[in-house]
>>> print(open('protein_29.cif').read())   # mmCIF, C-alpha atoms and all ligand atoms
data_structure
#
loop_
_atom_site.label_atom_id
_atom_site.label_comp_id
_atom_site.auth_asym_id
_atom_site.auth_seq_id
_atom_site.Cartn_x
_atom_site.Cartn_y
_atom_site.Cartn_z
CA MET A 1002 -90.51 7.40 156.93
CA SER A 1003 -92.26 4.03 157.33
CA LEU A 1004 -95.27 3.11 155.27
CA TYR A 1005 -97.33 3.18 158.46
CA GLN A 1006 -96.20 6.73 159.27
CA ARG A 1007 -97.08 7.84 155.76
CA ALA A 1008 -100.43 6.09 156.13
CA LEU A 1009 -101.10 7.83 159.44
CA ALA A 1010 -100.69 11.20 157.74
CA VAL A 1011 -103.35 10.61 155.11
CA LEU A 1012 -105.65 7.85 156.40
CA PRO A 1013 -107.39 8.08 159.80
CA GLY A 1014 -105.47 5.66 162.00
CA GLY A 1015 -103.47 4.64 158.94
CA VAL A 1016 -106.16 2.27 157.68
CA ASN A 1017 -109.46 2.07 155.81
CA SER A 1018 -111.22 -0.12 158.37
CA PRO A 1019 -110.52 0.13 162.11
CA VAL A 1020 -109.64 -3.45 163.12
CA ARG A 1021 -106.72 -3.47 160.68
CA ALA A 1022 -104.88 -0.91 162.81
CA PHE A 1023 -103.98 -3.41 165.58
CA ARG A 1024 -105.69 -1.37 168.32
CA GLY A 1025 -106.99 -4.66 169.72
CA VAL A 1026 -103.46 -6.00 170.25
CA SER A 1027 -101.35 -2.78 170.10
CA GLY A 1028 -98.34 -2.37 167.85
CA GLU A 1029 -98.14 -1.56 164.15
CA PRO A 1030 -100.11 -3.28 161.40
CA VAL A 1031 -98.43 -5.46 158.80
CA PHE A 1032 -98.68 -4.13 155.25
CA VAL A 1033 -99.48 -6.77 152.66
CA ARG A 1034 -98.05 -6.76 149.15
CA SER A 1035 -99.60 -9.90 147.75
CA ALA A 1036 -101.06 -13.22 148.76
CA GLN A 1037 -101.44 -16.76 147.50
CA GLY A 1038 -103.34 -19.70 148.94
CA ALA A 1039 -103.04 -19.66 152.73
CA TYR A 1040 -100.20 -17.12 152.76
CA LEU A 1041 -99.78 -13.36 152.95
CA GLU A 1042 -96.63 -11.75 151.62
CA THR A 1043 -95.72 -8.58 153.47
CA GLU A 1044 -94.13 -5.39 152.21
CA ASP A 1045 -90.98 -6.30 154.16
CA GLY A 1046 -90.76 -9.65 152.42
CA ARG A 1047 -92.13 -12.04 155.04
CA ARG A 1048 -94.47 -14.94 154.32
CA LEU A 1049 -97.25 -15.39 156.89
CA ILE A 1050 -99.91 -18.07 157.34
CA ASP A 1051 -103.13 -16.09 157.08
CA TYR A 1052 -106.11 -16.61 159.40
CA ILE A 1053 -107.69 -13.24 158.61
CA GLY A 1054 -108.98 -14.43 155.25
CA SER A 1055 -110.04 -10.83 154.60
CA TYR A 1056 -112.50 -11.36 157.52
CA GLY A 1057 -114.47 -14.04 155.74
CA PRO A 1058 -114.64 -13.84 151.95
CA LEU A 1059 -111.68 -16.07 151.08
CA ILE A 1060 -113.07 -19.56 151.60
CA HIS A 1061 -110.82 -20.86 148.78
CA GLY A 1062 -107.78 -18.95 150.03
CA HIS A 1063 -106.06 -16.20 148.08
CA ARG A 1064 -106.17 -16.10 144.29
CA PRO A 1065 -107.88 -19.40 143.46
CA SER A 1066 -107.20 -19.96 139.75
CA GLU A 1067 -110.89 -20.36 138.81
CA VAL A 1068 -111.79 -17.00 140.33
CA MET A 1069 -108.79 -15.28 138.74
CA ALA A 1070 -109.69 -16.71 135.32
CA ALA A 1071 -113.31 -15.56 135.67
CA LEU A 1072 -112.15 -12.06 136.56
CA GLU A 1073 -109.84 -11.92 133.55
CA ARG A 1074 -112.69 -12.99 131.27
CA ALA A 1075 -115.04 -10.42 132.78
CA LEU A 1076 -112.44 -7.64 132.40
CA ARG A 1077 -112.41 -8.14 128.66
CA HIS A 1078 -116.12 -7.25 128.51
CA GLY A 1079 -116.15 -4.12 130.64
CA THR A 1080 -116.06 -3.06 134.28
CA THR A 1081 -119.52 -1.56 134.74
CA PHE A 1082 -122.50 -0.85 132.51
CA GLY A 1083 -125.35 0.63 134.53
CA ALA A 1084 -127.60 -1.85 132.75
CA PRO A 1085 -128.64 -5.39 133.65
CA THR A 1086 -126.47 -8.38 132.72
CA ALA A 1087 -126.97 -12.11 132.32
CA ALA A 1088 -124.38 -12.83 135.00
CA GLU A 1089 -126.43 -11.01 137.66
CA VAL A 1090 -129.43 -13.19 136.88
CA GLU A 1091 -127.27 -16.31 137.17
CA LEU A 1092 -125.80 -15.24 140.52
CA ALA A 1093 -129.28 -14.40 141.83
CA GLU A 1094 -130.58 -17.79 140.68
CA LEU A 1095 -127.70 -19.57 142.37
CA ILE A 1096 -128.16 -17.69 145.66
CA CYS A 1097 -131.92 -18.30 145.68
CA SER A 1098 -131.41 -22.00 144.96
CA ALA A 1099 -128.95 -22.32 147.84
CA PHE A 1100 -130.86 -20.38 150.53
CA PRO A 1101 -134.22 -21.83 151.57
CA ALA A 1102 -135.53 -18.48 152.82
CA MET A 1103 -134.59 -16.46 149.72
CA ASP A 1104 -137.10 -16.43 146.86
CA MET A 1105 -135.70 -13.17 145.50
CA VAL A 1106 -132.53 -11.23 146.09
CA ARG A 1107 -131.12 -7.73 145.53
CA LEU A 1108 -127.37 -7.29 144.99
CA VAL A 1109 -125.61 -4.38 146.70
CA ASN A 1110 -121.97 -3.46 147.34
CA SER A 1111 -121.36 -4.33 150.98
CA GLY A 1112 -122.80 -6.10 153.98
CA THR A 1113 -123.54 -2.72 155.52
CA GLU A 1114 -125.79 -1.80 152.61
CA ALA A 1115 -127.53 -5.16 152.80
CA THR A 1116 -128.44 -4.91 156.49
CA MET A 1117 -129.55 -1.28 156.37
CA SER A 1118 -131.76 -2.08 153.39
CA THR A 1119 -133.41 -5.02 155.16
CA LEU A 1120 -134.20 -2.75 158.07
CA ARG A 1121 -135.90 -0.25 155.75
CA LEU A 1122 -137.85 -3.06 154.14
CA ALA A 1123 -138.85 -4.57 157.49
CA ARG A 1124 -140.13 -1.20 158.67
CA ALA A 1125 -142.06 -0.67 155.47
CA ALA A 1126 -143.55 -4.16 155.48
CA THR A 1127 -144.66 -4.10 159.11
CA GLY A 1128 -145.47 -0.42 159.48
CA ARG A 1129 -143.46 -0.57 162.72
CA ARG A 1130 -140.45 1.41 163.89
CA ARG A 1131 -138.28 -0.51 166.32
CA LEU A 1132 -135.47 -3.00 165.86
CA ILE A 1133 -134.07 -5.55 168.28
CA LYS A 1134 -130.37 -6.32 167.95
CA LEU A 1135 -128.25 -8.62 170.07
CA ALA A 1136 -125.21 -7.29 171.93
CA GLY A 1137 -121.97 -8.43 170.30
CA CYS A 1138 -123.52 -9.01 166.88
CA TYR A 1139 -122.21 -6.74 164.14
CA HIS A 1140 -124.34 -5.68 161.22
CA GLY A 1141 -122.19 -3.09 159.50
CA HIS A 1142 -121.90 0.58 160.31
CA ALA A 1143 -125.33 2.08 159.53
CA ASP A 1144 -126.55 4.36 162.33
CA ALA A 1145 -129.36 2.08 163.53
CA PHE A 1146 -126.90 -0.74 164.29
CA LEU A 1147 -124.20 1.32 166.05
CA VAL A 1148 -125.83 0.82 169.37
CA ALA A 1149 -124.59 -0.54 172.65
CA ALA A 1150 -126.73 -1.85 175.46
CA GLY A 1151 -127.28 0.76 178.14
CA SER A 1152 -127.20 -0.34 181.77
CA GLY A 1153 -129.44 -3.23 182.74
CA ALA A 1154 -130.19 -6.41 180.83
CA ALA A 1155 -133.10 -5.27 178.70
CA THR A 1156 -132.69 -1.72 177.72
CA LEU A 1157 -132.93 1.02 175.13
CA GLY A 1158 -129.83 1.28 173.02
CA VAL A 1159 -127.37 4.14 173.34
CA PRO A 1160 -125.15 5.26 170.44
CA SER A 1161 -121.87 3.36 170.32
CA SER A 1162 -120.30 6.07 168.18
CA PRO A 1163 -120.37 9.87 168.28
CA GLY A 1164 -122.39 11.20 165.37
CA VAL A 1165 -125.11 8.60 165.73
CA PRO A 1166 -128.26 10.49 166.77
CA GLU A 1167 -130.10 9.28 169.86
CA THR A 1168 -133.27 9.78 167.85
CA VAL A 1169 -132.07 6.91 165.66
CA THR A 1170 -130.79 4.59 168.38
CA ALA A 1171 -133.85 5.15 170.52
CA ASP A 1172 -135.55 2.78 168.11
CA THR A 1173 -132.90 0.07 168.50
CA LEU A 1174 -133.43 -2.21 171.48
CA VAL A 1175 -130.55 -4.37 172.64
CA ALA A 1176 -130.75 -7.82 174.21
CA PRO A 1177 -127.96 -10.20 175.24
CA TYR A 1178 -127.14 -13.04 172.83
CA ASN A 1179 -128.57 -16.45 173.72
CA ASP A 1180 -131.27 -14.89 175.92
CA LEU A 1181 -134.83 -15.40 174.66
CA GLY A 1182 -136.49 -13.99 177.76
CA THR A 1183 -135.17 -10.48 177.17
CA VAL A 1184 -136.24 -10.56 173.53
CA GLU A 1185 -139.76 -11.53 174.52
CA THR A 1186 -139.89 -8.77 177.13
CA LEU A 1187 -138.85 -6.20 174.52
CA LEU A 1188 -141.33 -7.53 171.94
CA GLN A 1189 -144.07 -6.97 174.53
CA SER A 1190 -142.84 -3.65 175.82
CA PRO A 1191 -142.04 -1.20 174.38
CA GLY A 1192 -143.11 -3.38 171.43
CA ASP A 1193 -143.71 -1.89 167.96
CA VAL A 1194 -140.79 -4.04 166.78
CA ALA A 1195 -140.40 -4.29 163.00
CA ALA A 1196 -137.62 -6.87 163.15
CA VAL A 1197 -135.17 -8.85 165.20
CA ILE A 1198 -131.77 -9.06 163.50
CA VAL A 1199 -129.30 -11.75 164.51
CA GLU A 1200 -126.04 -13.30 163.40
CA PRO A 1201 -127.37 -16.86 163.57
CA VAL A 1202 -123.84 -17.94 164.45
CA ALA A 1203 -122.13 -14.88 165.91
CA GLY A 1204 -118.71 -14.23 164.39
CA ASN A 1205 -118.04 -10.67 165.47
CA MET A 1206 -117.38 -11.34 169.17
CA GLY A 1207 -115.05 -14.19 168.48
CA LEU A 1208 -117.20 -17.19 167.59
CA VAL A 1209 -120.35 -17.64 169.65
CA PRO A 1210 -122.80 -20.29 168.50
CA PRO A 1211 -126.52 -20.11 169.23
CA GLU A 1212 -127.54 -22.41 172.06
CA SER A 1213 -129.90 -25.23 171.31
CA GLY A 1214 -133.39 -23.82 170.75
CA TYR A 1215 -132.26 -20.18 170.49
CA LEU A 1216 -132.87 -19.65 166.76
CA GLU A 1217 -136.09 -21.67 166.94
CA GLY A 1218 -137.16 -19.48 169.86
CA LEU A 1219 -136.45 -16.27 167.95
CA ARG A 1220 -138.47 -17.64 165.04
CA GLU A 1221 -141.41 -18.46 167.28
CA LEU A 1222 -141.36 -15.19 169.20
CA THR A 1223 -141.11 -12.98 166.11
CA ARG A 1224 -144.06 -14.85 164.57
CA GLN A 1225 -146.07 -14.54 167.74
CA TYR A 1226 -145.50 -10.78 168.01
CA GLY A 1227 -145.81 -9.98 164.29
CA SER A 1228 -142.16 -8.95 163.80
CA LEU A 1229 -139.83 -10.06 161.03
CA LEU A 1230 -136.75 -12.18 161.69
CA ILE A 1231 -133.58 -11.17 159.84
CA PHE A 1232 -130.66 -13.57 159.65
CA ASP A 1233 -127.49 -11.61 158.98
CA GLU A 1234 -125.54 -14.29 157.12
CA VAL A 1235 -122.99 -11.87 155.65
CA MET A 1236 -120.27 -13.91 157.36
CA THR A 1237 -121.91 -17.35 157.64
CA GLY A 1238 -123.53 -17.50 154.19
CA PHE A 1239 -121.84 -20.20 152.07
CA ARG A 1240 -119.16 -20.34 154.81
CA VAL A 1241 -120.65 -22.70 157.40
CA ASP A 1242 -122.44 -24.66 154.69
CA TRP A 1243 -123.96 -24.20 151.24
CA GLY A 1244 -127.19 -22.46 152.27
CA GLY A 1245 -125.81 -20.98 155.50
CA VAL A 1246 -127.04 -21.35 159.05
CA GLN A 1247 -130.65 -21.43 157.86
CA THR A 1248 -129.86 -24.73 156.17
CA LEU A 1249 -127.89 -26.15 159.09
CA SER A 1250 -130.52 -25.17 161.65
CA GLY A 1251 -133.66 -25.59 159.56
CA VAL A 1252 -134.88 -22.23 160.89
CA GLU A 1253 -136.10 -19.94 158.12
CA PRO A 1254 -135.88 -16.19 158.63
CA ASP A 1255 -138.08 -13.68 156.77
CA LEU A 1256 -135.09 -11.79 155.39
CA THR A 1257 -131.45 -12.77 154.89
CA THR A 1258 -128.33 -10.70 154.27
CA LEU A 1259 -125.22 -11.97 152.50
CA GLY A 1260 -121.80 -10.61 151.56
CA LYS A 1261 -118.19 -11.75 151.91
CA VAL A 1262 -118.01 -15.24 150.28
CA ILE A 1263 -120.52 -14.33 147.54
CA GLY A 1264 -118.09 -11.73 146.14
CA GLY A 1265 -115.13 -14.07 145.74
CA GLY A 1266 -112.92 -11.36 147.25
CA LEU A 1267 -114.51 -8.37 145.50
CA PRO A 1268 -116.90 -5.88 147.12
CA ILE A 1269 -120.47 -7.17 147.27
CA GLY A 1270 -123.51 -7.64 149.46
CA ALA A 1271 -126.99 -9.03 148.96
CA TYR A 1272 -130.31 -9.23 150.73
CA GLY A 1273 -133.35 -11.31 150.03
CA GLY A 1274 -136.33 -13.14 151.39
CA ARG A 1275 -139.85 -14.19 150.64
CA ARG A 1276 -141.24 -13.04 147.33
CA GLU A 1277 -144.03 -10.90 148.76
CA LEU A 1278 -141.53 -9.00 150.89
CA MET A 1279 -138.93 -8.51 148.16
CA ARG A 1280 -141.58 -7.34 145.70
CA GLN A 1281 -141.88 -4.24 147.88
CA ILE A 1282 -138.39 -3.14 146.80
CA ALA A 1283 -138.16 -0.49 144.05
CA PRO A 1284 -138.91 -0.60 141.20
CA ALA A 1285 -141.20 -3.60 141.83
CA GLY A 1286 -142.57 -1.79 144.87
CA PRO A 1287 -142.31 1.50 146.76
CA VAL A 1288 -139.35 0.84 149.12
CA TYR A 1289 -136.42 2.74 147.64
CA GLN A 1290 -132.95 1.25 147.39
CA ALA A 1291 -130.41 1.69 144.57
CA GLY A 1292 -126.71 1.54 143.68
CA THR A 1293 -124.51 2.82 140.84
CA LEU A 1294 -122.19 -0.21 141.02
CA SER A 1295 -124.69 -2.77 142.36
CA GLY A 1296 -124.38 -6.08 140.53
CA ASN A 1297 -120.95 -4.96 139.33
CA PRO A 1298 -119.73 -7.29 136.56
CA LEU A 1299 -116.34 -7.95 138.17
CA ALA A 1300 -117.75 -8.67 141.63
CA VAL A 1301 -120.47 -10.86 140.14
CA ALA A 1302 -117.96 -12.79 138.02
CA ALA A 1303 -115.62 -13.39 140.97
CA GLY A 1304 -118.52 -14.33 143.23
CA MET A 1305 -120.06 -16.64 140.68
CA ALA A 1306 -116.74 -18.43 140.14
CA ALA A 1307 -116.18 -18.82 143.89
CA LEU A 1308 -119.69 -20.20 144.39
CA ARG A 1309 -119.50 -22.53 141.38
CA LEU A 1310 -116.29 -23.95 142.79
CA LEU A 1311 -118.05 -24.52 146.11
CA GLU A 1312 -121.11 -25.99 144.47
CA ALA A 1313 -119.17 -28.42 142.29
CA GLU A 1314 -117.32 -29.84 145.27
CA ARG A 1315 -119.60 -29.12 148.18
CA GLU A 1316 -119.73 -32.79 149.19
CA THR A 1317 -115.97 -32.65 149.80
CA ILE A 1318 -115.13 -28.99 150.44
CA TYR A 1319 -117.18 -28.52 153.60
CA PRO A 1320 -115.97 -31.79 155.15
CA ARG A 1321 -112.38 -30.80 154.28
CA LEU A 1322 -112.81 -27.39 155.90
CA GLU A 1323 -114.35 -29.13 158.89
CA SER A 1324 -111.50 -31.60 159.36
CA ALA A 1325 -108.75 -28.98 158.88
CA SER A 1326 -110.48 -26.73 161.42
CA ALA A 1327 -111.08 -29.62 163.83
CA ARG A 1328 -107.37 -30.48 163.60
CA LEU A 1329 -106.54 -26.86 164.43
CA GLU A 1330 -108.97 -26.84 167.35
CA ALA A 1331 -107.63 -30.08 168.81
CA GLY A 1332 -104.02 -28.95 168.46
CA LEU A 1333 -104.61 -25.58 170.09
CA LEU A 1334 -106.48 -27.18 173.00
CA GLU A 1335 -103.78 -29.79 173.50
CA ALA A 1336 -101.03 -27.16 173.49
CA ALA A 1337 -102.93 -25.04 176.02
CA ALA A 1338 -103.63 -28.03 178.26
CA SER A 1339 -99.99 -29.11 178.25
CA ARG A 1340 -98.96 -25.56 179.22
CA GLY A 1341 -101.65 -25.28 181.88
CA VAL A 1342 -103.25 -22.33 180.09
CA GLU A 1343 -107.02 -21.88 180.18
CA LEU A 1344 -108.25 -21.84 176.59
CA ARG A 1345 -111.65 -22.17 175.07
CA VAL A 1346 -112.05 -22.83 171.34
CA GLN A 1347 -115.54 -22.33 169.85
CA ARG A 1348 -116.06 -23.30 166.27
CA GLN A 1349 -118.60 -23.61 163.50
CA GLY A 1350 -116.93 -25.33 160.57
CA SER A 1351 -114.09 -23.12 159.34
CA MET A 1352 -114.96 -20.22 161.66
CA VAL A 1353 -112.86 -20.52 164.80
CA GLY A 1354 -113.00 -18.45 168.00
CA ILE A 1355 -110.20 -18.66 170.55
CA PHE A 1356 -110.71 -17.26 174.03
CA PHE A 1357 -108.32 -17.34 176.96
CA THR A 1358 -110.85 -18.31 179.58
CA GLY A 1359 -111.93 -21.41 181.42
CA ARG A 1360 -115.61 -20.67 180.90
CA GLN A 1361 -118.03 -21.17 178.07
CA VAL A 1362 -118.50 -18.01 175.99
CA ARG A 1363 -122.22 -17.44 175.47
CA ARG A 1364 -122.44 -13.69 175.03
CA LEU A 1365 -120.48 -10.46 174.79
CA GLU A 1366 -119.73 -10.12 178.53
CA ASP A 1367 -118.01 -13.50 178.46
CA VAL A 1368 -115.63 -12.28 175.75
CA ASP A 1369 -115.00 -9.07 177.71
CA ALA A 1370 -114.13 -11.21 180.73
CA SER A 1371 -111.62 -13.39 178.86
CA ASP A 1372 -107.87 -12.71 179.17
CA ARG A 1373 -107.54 -10.26 176.27
CA GLU A 1374 -104.04 -9.22 177.33
CA ARG A 1375 -102.87 -12.78 176.93
CA PHE A 1376 -104.51 -12.82 173.52
CA ALA A 1377 -102.46 -9.78 172.53
CA ARG A 1378 -99.20 -11.37 173.76
CA VAL A 1379 -99.92 -14.63 171.97
CA PHE A 1380 -100.94 -12.74 168.83
CA HIS A 1381 -97.55 -11.00 168.66
CA ARG A 1382 -95.57 -14.14 169.38
CA LEU A 1383 -97.47 -15.93 166.62
CA LEU A 1384 -96.82 -13.06 164.23
CA GLU A 1385 -93.08 -13.33 164.98
CA ALA A 1386 -93.44 -17.01 164.12
CA SER A 1387 -95.11 -16.07 160.78
CA VAL A 1388 -98.72 -16.81 161.73
CA HIS A 1389 -101.14 -13.88 161.28
CA LEU A 1390 -104.29 -14.14 163.41
CA PRO A 1391 -106.95 -11.45 163.15
CA PRO A 1392 -105.60 -8.67 165.41
CA SER A 1393 -108.38 -8.70 168.00
CA PRO A 1394 -109.89 -11.15 170.49
CA TYR A 1395 -113.29 -10.10 169.09
CA GLU A 1396 -112.59 -11.46 165.60
CA THR A 1397 -112.99 -14.96 164.23
CA LEU A 1398 -110.20 -16.95 162.58
CA PHE A 1399 -111.00 -18.18 159.07
CA VAL A 1400 -109.65 -21.45 157.74
CA SER A 1401 -109.69 -21.86 153.95
CA THR A 1402 -109.38 -24.83 151.63
CA ALA A 1403 -105.79 -23.68 151.05
CA HIS A 1404 -104.93 -24.43 154.71
CA GLY A 1405 -103.45 -27.93 154.58
CA ASP A 1406 -102.04 -30.14 157.32
CA GLU A 1407 -98.67 -28.43 156.96
CA GLU A 1408 -100.06 -24.96 157.67
CA ILE A 1409 -102.28 -26.20 160.50
CA ASP A 1410 -99.46 -28.13 162.17
CA ARG A 1411 -97.03 -25.22 161.90
CA THR A 1412 -99.70 -23.02 163.47
CA ILE A 1413 -100.16 -25.43 166.37
CA GLN A 1414 -96.39 -25.63 166.97
CA ALA A 1415 -96.11 -21.84 166.90
CA PHE A 1416 -99.07 -21.57 169.27
CA ASP A 1417 -97.47 -24.02 171.68
CA ARG A 1418 -94.26 -21.97 171.74
CA ALA A 1419 -96.25 -18.76 172.06
CA LEU A 1420 -97.67 -20.08 175.33
CA GLU A 1421 -94.18 -20.61 176.82
CA PRO A 1422 -93.77 -18.46 179.89
CA GLU A 1423 -91.86 -15.25 179.14
CA ALA A 1424 -88.15 -15.48 179.88
CA GLY A 1425 -86.89 -13.48 182.87
C1 LIG B 1 -118.80 -8.13 157.76
C2 LIG B 1 -120.17 -8.11 158.27
C3 LIG B 1 -121.08 -7.09 157.94
C4 LIG B 1 -120.66 -5.86 157.19
O1 LIG B 1 -120.25 -6.12 155.89
P1 LIG B 1 -119.36 -5.02 155.12
O2 LIG B 1 -119.21 -5.61 153.76
O3 LIG B 1 -118.08 -4.92 155.90
O4 LIG B 1 -120.12 -3.75 155.15
C5 LIG B 1 -122.39 -7.20 158.35
N1 LIG B 1 -122.79 -8.26 159.07
C6 LIG B 1 -121.96 -9.26 159.41
C7 LIG B 1 -122.47 -10.42 160.19
C8 LIG B 1 -120.62 -9.21 159.05
O5 LIG B 1 -119.79 -10.18 159.43
#
>>> encode(input="protein_29.cif", output="structure tokens")
Amino acid sequence: MSLYQRALAVLPGGVNSPVRAFRGVSGEPVFVRSAQGAYLETEDGRRLIDYIGSYGPLIHGHRPSEVMAALERALRHGTTFGAPTAAEVELAELICSAFPAMDMVRLVNSGTEATMSTLRLARAATGRRRLIKLAGCYHGHADAFLVAAGSGAATLGVPSSPGVPETVTADTLVAPYNDLGTVETLLQSPGDVAAVIVEPVAGNMGLVPPESGYLEGLRELTRQYGSLLIFDEVMTGFRVDWGGVQTLSGVEPDLTTLGKVIGGGLPIGAYGGRRELMRQIAPAGPVYQAGTLSGNPLAVAAGMAALRLLEAERETIYPRLESASARLEAGLLEAAASRGVELRVQRQGSMVGIFFTGRQVRRLEDVDASDRERFARVFHRLLEASVHLPPSPYETLFVSTAHGDEEIDRTIQAFDRALEPEAG
């Protein structure tokens, strides 16, 4: 019996998170035994260039020595205490120094926890009920965010999963990405909006950047209508730049969520914002939120080591990520052009979205309209050639500092061959 068959018997769909199951491209998932740098080693002994990057955390690639050493040191002191530690204070200080809109921060265990906690805080702080989310943005799997747009452009959300009560999603309004007009309409009516939550660079529908003026517009509108603005930087935080999209754009949200990179490959999340808002969180204030393993010593040690490594070399690391990713982008585009294949590459630093379409991708419908079957074919041909993309046209590719010219060039060659017309 294959590992996958055994997995199917005891894990729903054979996995612990849906995208891993290859439903987006069909076929059977690859089981990973270990990893190093830019490479995954599979259970059947293959070595693959990895563009999943664990969906974002691994900005230094797999097993960077500094992070491994920090983990080994932390292990010698204990795995969890249920009491505060010096390392948590240091990580909080570092995060607050990097993010302009974070005066205080609370550590949690996942991005999902971070976003659901900001929603609770936003509701408490404003005394309002509703939330505006943008179609195609992902904010974890809490009920309030598992909402799809109903019919029509500006509309009440409907549950995107069974088990999510309509009483919950009735309070989540959905607008298209890169569309300020709809957000303003919803802020006016039905109104009563506690917060607008946005991936300030969207990385969960491929890669969709905000158009010029979009983030500024959200900032202005939320101020005008008395709602809070939440930047979900779980994916973009420390990834697109030290200080995230709020640093790149100069637009400061009221609340920010983080995760992924700040855990150095261990489970973590964080949320923060202006002092007067964060002081409402228990035990400083009345808004309850807690966690047995929050601020876990191993996650904090790995995260701190990963961030220190970034901080020490930020003047060179981000430019290196940029040039490696730009090389990848240029190579993919050239290969597609020479094969006469319509390809659009959208990129923010080391986050890369590839879409088989001739049109600009501005929102979810544009991704839906791209050639997703071609994506699946190219995905499998690349996998045969030992390049592992994320197994869905709705996921972003992550380049790490371990991806050198050799890995990038091999990827481009494999991509070029993957676009060859099928024989027969
Ligand atoms: C990954 C992600 C989340 C959810 O984080 P988990 O740690 O998987 O719960 C939330 N928001 C964004 C933007 C993400 O990319």
>>> residues_near_ligand(input="protein_29.cif", ligand="ligand LIG 1 (chain B)", cutoff="9 Å", atoms="only C-alpha atoms and all ligand atoms", output="count of residues only")
36
>>> residues_around(input="protein_29.cif", residues="A:Ala1093", least_positions_apart="4", cutoff="10 Å", atoms="all atoms listed in the file", output="PyMOL selection string")
chain A and resi 1088-1089+1097-1099+1103-1108+1271+1273+1296+1301+1305
>>> write_last_selection(input="protein_29.cif", atoms="C-alpha atoms", output="tab-separated table (two decimals), keeping the file's coordinate frame")
chain	number	residue	atom	x	y	z
A	1088	ALA	CA	-124.38	-12.83	135.00
A	1089	GLU	CA	-126.43	-11.01	137.66
A	1097	CYS	CA	-131.92	-18.30	145.68
A	1098	SER	CA	-131.41	-22.00	144.96
A	1099	ALA	CA	-128.95	-22.32	147.84
A	1103	MET	CA	-134.59	-16.46	149.72
A	1104	ASP	CA	-137.10	-16.43	146.86
A	1105	MET	CA	-135.70	-13.17	145.50
A	1106	VAL	CA	-132.53	-11.23	146.09
A	1107	ARG	CA	-131.12	-7.73	145.53
A	1108	LEU	CA	-127.37	-7.29	144.99
A	1271	ALA	CA	-126.99	-9.03	148.96
A	1273	GLY	CA	-133.35	-11.31	150.03
A	1296	GLY	CA	-124.38	-6.08	140.53
A	1301	VAL	CA	-120.47	-10.86	140.14
A	1305	MET	CA	-120.06	-16.64	140.68
>>> residues_around(input="protein_29.cif", residues="A:Gly1405", least_positions_apart="6", cutoff="12 Å", atoms="all atoms listed in the file", output="VMD selection string")
chain A and resid 1038 to 1040 1050 1061 to 1062 1321 to 1326 1328 to 1329 1411 to 1412
>>> atom_distance(input="protein_29.cif", atom1="atom CA of A:Gly1265", atom2="atom CA of A:Thr1081")
17.2 Å
>>> closest_residue(input="protein_29.cif", among="A:Tyr1272, A:Phe1416, A:Tyr1289, A:Phe1100", to="A:Arg1121", atoms="only C-alpha atoms")
A:Tyr1289
>>> closest_residue(input="protein_29.cif", among="A:Tyr1226, A:Phe1380, A:Phe1356, A:Tyr1395", to="A:Gln1189", atoms="all atoms listed in the file")
A:Tyr1226
>>> atom_distance(input="protein_29.cif", atom1="atom CA of A:Ser1250", atom2="atom CA of A:Pro1320")
17.3 Å
>>> closest_residue(input="protein_29.cif", among="A:Ala1291, A:Ala1036, A:Ala1070, A:Ile1198", to="A:Arg1131", atoms="only C-alpha atoms")
A:Ile1198
>>> atom_distance(input="protein_29.cif", atom1="atom CA of A:Phe1082", atom2="atom CA of A:Pro1058")
24.7 Å
>>> decode(input="protein_29.cif", residues="stretch 1393-1399 of chain A", atoms="N, CA, C and O atoms", output="short mmCIF file (atom, residue, chain, number, x, y, z; two decimals), in the first residue's frame")
data_model
loop_
_atom_site.label_atom_id
_atom_site.label_comp_id
_atom_site.auth_asym_id
_atom_site.auth_seq_id
_atom_site.Cartn_x
_atom_site.Cartn_y
_atom_site.Cartn_z
N SER A 1393 -1.30 24.55 -7.34
CA SER A 1393 -2.56 25.23 -7.62
C SER A 1393 -2.28 26.56 -8.30
O SER A 1393 -1.35 27.27 -7.92
N PRO A 1394 -3.10 26.91 -9.31
CA PRO A 1394 -2.92 28.21 -9.95
C PRO A 1394 -3.32 29.37 -9.04
O PRO A 1394 -3.10 30.53 -9.39
N TYR A 1395 -3.86 29.06 -7.86
CA TYR A 1395 -4.26 30.11 -6.92
C TYR A 1395 -3.20 30.36 -5.84
O TYR A 1395 -3.43 31.13 -4.90
N GLU A 1396 -2.05 29.68 -5.97
CA GLU A 1396 -0.99 29.88 -4.98
C GLU A 1396 0.17 30.65 -5.59
O GLU A 1396 0.38 30.64 -6.80
N THR A 1397 0.93 31.29 -4.71
CA THR A 1397 2.09 32.07 -5.11
C THR A 1397 3.34 31.20 -5.01
O THR A 1397 3.45 30.37 -4.13
N LEU A 1398 4.30 31.42 -5.92
CA LEU A 1398 5.61 30.78 -5.82
C LEU A 1398 6.47 31.62 -4.89
O LEU A 1398 6.42 32.85 -4.94
N PHE A 1399 7.27 30.94 -4.06
CA PHE A 1399 8.16 31.65 -3.15
C PHE A 1399 9.62 31.35 -3.49
O PHE A 1399 10.03 30.20 -3.49
#
